[in-house]
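Participant: Take a look at this one; I'll ask things after.
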Amino acid sequence: MPTPFKLAIISDEIAEDFGRACEVARELGCEWIELRELWGKNLLHLEAAELAEARRVLAKYELRVAGIASPLFKVDWPGAPASAFSPPRDEFGAAFTFAQQPEVLERCLDLARRFAAPRVRCFDFWRLADAGPHRAAINAYLSQAVTAAAADEVDLVLENELACNTATAAEAAATLAAVPGLQMVWDPANAAMAGDDPFPAGYRRLPVNRIGHVHCKNCQPQADQRLAWSPLSQGVVDWAAQLRALHADGYRGMVSLETHWRGAAGAGKVSSAEAATRLCWRELEAAQPS
């Protein structure tokens, strides 16, 4: 259906089998795919033959790459107290140290070149109880990465994330103000998970001209009032209103479905992840501003 945005799907939200993910994305009418895990491996760990196969699959289904959804800077900040969010195991198939981050950044930029991806997603380190004493150094580190990405004509986009130091809209606005050239992945549901009122209050704190990408998912309170992932149309984020506001404010970029919810029942070769993503894609289409 007509939309003012570029609509995408994170491929492994459909299936770990990249061929199946691309087949379904194209069937849904999607023209853009975001890359995170392919064939059960983090994109950063794919070997040359696997990268070549990924490009072949993309060409077969005439899909373009919306961005590299990397784990860049999703590590502990050195010299700080241990983060309560630092996981005991790797997430999304990626386990890197702080010392490896320059290598991770270069790998991300290489992947952006290979896949003609306009942006690389990053974070700003596992969340500290008090980031204040470290915030200036973190911002300086991010600034260096922005400069490196810009030299490759790639936008570095920081995602607001519950487990990292930029989680809420207010924190995102402060980080963007401190790091010129940095853009953000606005994820209202992530902000809600962090206790924020993401829309309209949170959104109105953001400099819209610094939003370089949008991640689209939702969450709703359970019986114990804790938030859990939900269908796009049933959560705390009013996506129809959020998309209308983005449109009114001149945003015309990427809106990428990151389903997370797995409540839809699959059948046959259709997994619950695929079934949930199919449903949420239909809801995303229905929420588009006219």
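Identifiers in this document derive from the order of the structure tokens: chains are assigned A, B, ..., residues are numbered from 1 separately in each chain, and ligands are numbered from 1 in order of occurrence.
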Set the distance at 12 Å and use only C-alpha atoms: which residues neighbour Gly195 (chain A) once local chain neighbours fewer than 4 positions away are removed? I'd like the list as a ChimeraX atom specification.

Facilitator: /A:161-162,167-170,188-191,202,219,221,225-227,236

Participant: Near region 114-129 of chain A, within 9 Å and counting only C-alpha atoms, which residues show up once chain neighbours fewer than 6 positions away are dropped, as a PyMOL selection string?

Facilitator: chain A and resi 34+51+55+64-77+80-87+105+108+138-139+142+149+153-167+184-185+212-213

Participant: Can those selected residues be exported to a file as a CSV table (one decimal), in the first residue's frame so that it contains N, CA and C atoms?

Facilitator:
```
chain,number,residue,atom,x,y,z
A,34,GLU,N,16.7,-5.6,6.8
A,34,GLU,CA,17.7,-5.2,7.7
A,34,GLU,C,18.4,-6.5,8.2
A,51,LEU,N,28.7,-14.7,2.9
A,51,LEU,CA,28.4,-13.3,2.5
A,51,LEU,C,28.0,-13.3,1.0
A,55,ARG,N,24.4,-12.2,-0.7
A,55,ARG,CA,24.2,-11.2,-1.8
A,55,ARG,C,23.4,-11.9,-2.9
A,64,ARG,N,16.8,-4.7,-1.1
A,64,ARG,CA,17.9,-3.8,-0.7
A,64,ARG,C,18.1,-3.9,0.8
A,65,VAL,N,19.3,-3.6,1.2
A,65,VAL,CA,19.7,-3.7,2.6
A,65,VAL,C,19.4,-2.3,3.3
A,66,ALA,N,18.6,-2.3,4.3
A,66,ALA,CA,18.2,-1.1,5.0
A,66,ALA,C,19.3,-0.6,6.0
A,67,GLY,N,20.0,-1.6,6.5
A,67,GLY,CA,21.0,-1.2,7.5
A,67,GLY,C,21.7,-2.5,8.1
A,68,ILE,N,22.8,-2.3,8.7
A,68,ILE,CA,23.5,-3.3,9.4
A,68,ILE,C,23.2,-3.2,10.9
A,69,ALA,N,22.4,-4.1,11.4
A,69,ALA,CA,21.9,-4.1,12.8
A,69,ALA,C,23.0,-4.8,13.7
A,70,SER,N,24.1,-4.1,13.9
A,70,SER,CA,25.2,-4.7,14.5
A,70,SER,C,25.1,-4.6,16.0
A,71,PRO,N,26.0,-5.3,16.7
A,71,PRO,CA,26.1,-5.2,18.2
A,71,PRO,C,27.2,-4.2,18.6
A,72,LEU,N,27.5,-3.3,17.8
A,72,LEU,CA,28.6,-2.4,18.0
A,72,LEU,C,28.4,-1.6,19.3
A,73,PHE,N,29.4,-1.6,20.2
A,73,PHE,CA,29.4,-1.0,21.5
A,73,PHE,C,28.4,-1.5,22.5
A,74,LYS,N,27.9,-2.7,22.3
A,74,LYS,CA,27.1,-3.4,23.2
A,74,LYS,C,28.0,-4.2,24.1
A,75,VAL,N,28.8,-3.5,24.9
A,75,VAL,CA,29.8,-4.2,25.8
A,75,VAL,C,29.9,-3.3,27.0
A,76,ASP,N,30.7,-3.8,28.0
A,76,ASP,CA,30.9,-3.0,29.2
A,76,ASP,C,31.9,-1.8,28.9
A,77,TRP,N,31.6,-0.7,29.6
A,77,TRP,CA,32.5,0.4,29.5
A,77,TRP,C,33.7,0.2,30.4
A,80,ALA,N,34.5,1.2,34.6
A,80,ALA,CA,33.3,1.5,35.3
A,80,ALA,C,32.9,0.3,36.2
A,81,PRO,N,32.0,0.6,37.2
A,81,PRO,CA,31.5,-0.6,38.0
A,81,PRO,C,30.7,-1.5,37.0
A,82,ALA,N,30.7,-2.8,37.4
A,82,ALA,CA,30.0,-3.8,36.6
A,82,ALA,C,28.5,-3.4,36.3
A,83,SER,N,28.1,-3.5,35.1
A,83,SER,CA,26.7,-3.2,34.8
A,83,SER,C,25.8,-4.4,35.2
A,84,ALA,N,24.6,-4.0,35.7
A,84,ALA,CA,23.6,-5.1,36.0
A,84,ALA,C,23.1,-5.7,34.8
A,85,PHE,N,23.3,-5.0,33.6
A,85,PHE,CA,22.7,-5.5,32.4
A,85,PHE,C,23.7,-6.3,31.5
A,86,SER,N,24.9,-6.3,32.0
A,86,SER,CA,25.9,-7.1,31.2
A,86,SER,C,25.6,-8.6,31.2
A,87,PRO,N,25.3,-9.1,30.1
A,87,PRO,CA,24.7,-10.5,30.0
A,87,PRO,C,25.8,-11.6,30.4
A,105,LEU,N,33.9,-2.2,14.6
A,105,LEU,CA,33.5,-1.1,13.7
A,105,LEU,C,34.0,-1.2,12.3
A,108,CYS,N,31.9,-3.8,10.6
A,108,CYS,CA,30.6,-3.2,10.2
A,108,CYS,C,30.6,-2.3,9.0
A,138,ILE,N,32.4,8.5,27.0
A,138,ILE,CA,31.6,7.7,26.1
A,138,ILE,C,31.2,8.5,24.9
A,139,ASN,N,30.8,9.8,25.1
A,139,ASN,CA,30.5,10.6,24.0
A,139,ASN,C,31.6,10.8,23.1
A,142,LEU,N,32.0,7.8,21.0
A,142,LEU,CA,31.0,7.7,19.9
A,142,LEU,C,31.4,8.7,18.8
A,149,ALA,N,32.8,6.4,10.4
A,149,ALA,CA,31.7,6.0,9.6
A,149,ALA,C,31.5,7.0,8.4
A,153,GLU,N,31.1,7.3,4.2
A,153,GLU,CA,29.7,7.7,3.7
A,153,GLU,C,28.6,6.8,4.3
A,154,VAL,N,28.8,6.4,5.6
A,154,VAL,CA,27.8,5.6,6.3
A,154,VAL,C,27.4,6.4,7.5
A,155,ASP,N,26.1,6.3,7.8
A,155,ASP,CA,25.5,7.0,9.0
A,155,ASP,C,25.6,6.0,10.1
A,156,LEU,N,26.2,6.5,11.3
A,156,LEU,CA,26.1,5.7,12.5
A,156,LEU,C,24.9,6.1,13.3
A,157,VAL,N,24.0,5.1,13.6
A,157,VAL,CA,22.7,5.4,14.2
A,157,VAL,C,22.7,4.6,15.6
A,158,LEU,N,22.5,5.4,16.6
A,158,LEU,CA,22.4,4.9,18.0
A,158,LEU,C,21.0,4.5,18.4
A,159,GLU,N,20.8,3.2,18.8
A,159,GLU,CA,19.5,2.8,19.2
A,159,GLU,C,19.3,3.0,20.7
A,160,ASN,N,18.1,3.6,21.0
A,160,ASN,CA,17.8,3.6,22.4
A,160,ASN,C,17.4,2.2,22.9
A,161,GLU,N,18.0,1.8,24.0
A,161,GLU,CA,17.9,0.4,24.4
A,161,GLU,C,17.9,0.3,25.9
A,162,LEU,N,16.9,-0.4,26.5
A,162,LEU,CA,16.7,-0.5,27.9
A,162,LEU,C,18.0,-0.9,28.6
A,163,ALA,N,18.8,-1.8,28.1
A,163,ALA,CA,20.0,-2.3,28.8
A,163,ALA,C,21.3,-1.5,28.6
A,164,CYS,N,21.1,-0.4,27.8
A,164,CYS,CA,22.3,0.5,27.5
A,164,CYS,C,22.1,1.9,28.1
A,165,ASN,N,23.1,2.7,28.0
A,165,ASN,CA,23.1,4.0,28.7
A,165,ASN,C,22.1,5.0,28.1
A,166,THR,N,21.8,4.8,26.8
A,166,THR,CA,20.7,5.7,26.2
A,166,THR,C,19.5,4.8,26.0
A,167,ALA,N,18.5,5.0,26.9
A,167,ALA,CA,17.3,4.1,26.8
A,167,ALA,C,16.0,5.0,26.6
A,184,MET,N,20.0,8.6,15.3
A,184,MET,CA,19.5,7.6,16.2
A,184,MET,C,18.5,6.7,15.5
A,185,VAL,N,18.4,5.5,16.1
A,185,VAL,CA,17.3,4.6,15.8
A,185,VAL,C,16.3,4.8,16.9
A,212,GLY,N,17.5,8.8,12.2
A,212,GLY,CA,18.0,8.2,11.0
A,212,GLY,C,17.3,6.9,10.7
A,213,HIS,N,16.6,6.3,11.6
A,213,HIS,CA,16.0,5.0,11.4
A,213,HIS,C,15.0,4.8,12.5
```

Participant: Write out as a VMD selection string the residues lying within 12 Å of Arg282 (chain A), counting only C-alpha atoms and excluding same-chain residues fewer than 2 positions away.

Facilitator: chain A and resid 1 7 25 28 to 30 231 to 233 257 259 275 to 280 284 to 288

Participant: Taking only C-alpha atoms into account, which of A:Pro289, A:Pro198, A:Gly181, A:Pro78 comes nearest Gln101 (chain A)?

Facilitator: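 Of A:Pro289, A:Pro198, A:Gly181, A:Pro78, the one nearest Gln101 (chain A) is A:Pro78, counting only C-alpha atoms.
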
Participant: Quick one: DSSP strand (DSSP E or B) residues in region 9-216 of chain A, as number ranges by chain?

Facilitator: A: 9-10, 32-35, 37-38, 41-42, 64-72, 91, 94, 119-122, 126, 155-159, 164, 183-186, 211-216

Participant: Print the selection's residues with C-alpha atoms to a file, as a tab-separated table (two decimals), in the first residue's frame.

Facilitator:
```tsv
chain	number	residue	atom	x	y	z
A	9	ILE	CA	11.92	-6.07	8.17
A	10	ILE	CA	14.81	-7.39	10.25
A	32	TRP	CA	14.08	-3.54	2.18
A	33	ILE	CA	15.66	-5.97	4.65
A	34	GLU	CA	17.72	-5.23	7.75
A	35	LEU	CA	20.57	-7.61	8.55
A	37	GLU	CA	21.50	-12.79	12.08
A	38	LEU	CA	21.62	-15.00	8.99
A	41	LYS	CA	24.99	-16.63	12.87
A	42	ASN	CA	25.56	-12.99	13.64
A	64	ARG	CA	17.93	-3.84	-0.74
A	65	VAL	CA	19.66	-3.66	2.64
A	66	ALA	CA	18.20	-1.06	4.99
A	67	GLY	CA	21.03	-1.24	7.49
A	68	ILE	CA	23.54	-3.31	9.41
A	69	ALA	CA	21.92	-4.11	12.79
A	70	SER	CA	25.23	-4.68	14.51
A	71	PRO	CA	26.08	-5.22	18.21
A	72	LEU	CA	28.62	-2.37	18.01
A	91	GLU	CA	23.27	-11.87	22.52
A	94	ALA	CA	27.84	-11.85	19.10
A	119	ARG	CA	23.70	2.94	8.01
A	120	VAL	CA	25.23	0.93	10.84
A	121	ARG	CA	23.38	0.54	14.15
A	122	CYS	CA	25.28	0.94	17.43
A	126	TRP	CA	25.81	-1.69	28.97
A	155	ASP	CA	25.54	6.97	8.96
A	156	LEU	CA	26.13	5.72	12.50
A	157	VAL	CA	22.74	5.36	14.23
A	158	LEU	CA	22.44	4.85	17.98
A	159	GLU	CA	19.50	2.76	19.16
A	164	CYS	CA	22.27	0.50	27.53
A	183	GLN	CA	21.84	9.86	14.37
A	184	MET	CA	19.48	7.60	16.23
A	185	VAL	CA	17.30	4.56	15.78
A	186	TRP	CA	14.10	5.66	17.51
A	211	ILE	CA	16.23	10.35	13.61
A	212	GLY	CA	17.97	8.23	10.99
A	213	HIS	CA	15.99	5.01	11.40
A	214	VAL	CA	12.91	3.74	13.25
A	215	HIS	CA	12.41	0.31	14.80
A	216	CYS	CA	8.81	-0.80	15.00
```

Participant: I'd like the neighbourhood of Ala151 (chain A) as a VMD selection string, where a residue qualifies if any of its atoms comes within 10 Å (using only C-alpha atoms), though same-chain residues fewer than 5 positions away should be ignored.

Facilitator: chain A and resid 109 145 to 146

Participant: Would you mind exporting the chosen residues as a PDB file, in the first residue's frame, restricted to N, CA and C atoms?

Facilitator:
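This is the output file selection16.pdb:
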```
ATOM      1  N   LEU A 109      31.640  -1.491   8.919  1.00  0.00           N
ATOM      2  CA  LEU A 109      31.756  -0.602   7.764  1.00  0.00           C
ATOM      3  C   LEU A 109      32.052  -1.397   6.493  1.00  0.00           C
ATOM      4  N   ALA A 145      33.772   7.276  16.379  1.00  0.00           N
ATOM      5  CA  ALA A 145      33.126   6.302  15.500  1.00  0.00           C
ATOM      6  C   ALA A 145      32.292   6.988  14.422  1.00  0.00           C
ATOM      7  N   VAL A 146      31.619   8.077  14.781  1.00  0.00           N
ATOM      8  CA  VAL A 146      30.845   8.834  13.793  1.00  0.00           C
ATOM      9  C   VAL A 146      31.768   9.327  12.685  1.00  0.00           C
TER      10      VAL A 146
END
```

Participant: At what distance in Å, to one decimal, does CA of Thr3 (chain A) lie from CA of Ser290 (chain A)?

Facilitator: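 Computed distance, CA of Ser290 (chain A) to CA of Thr3 (chain A), equals 7.5 Å.
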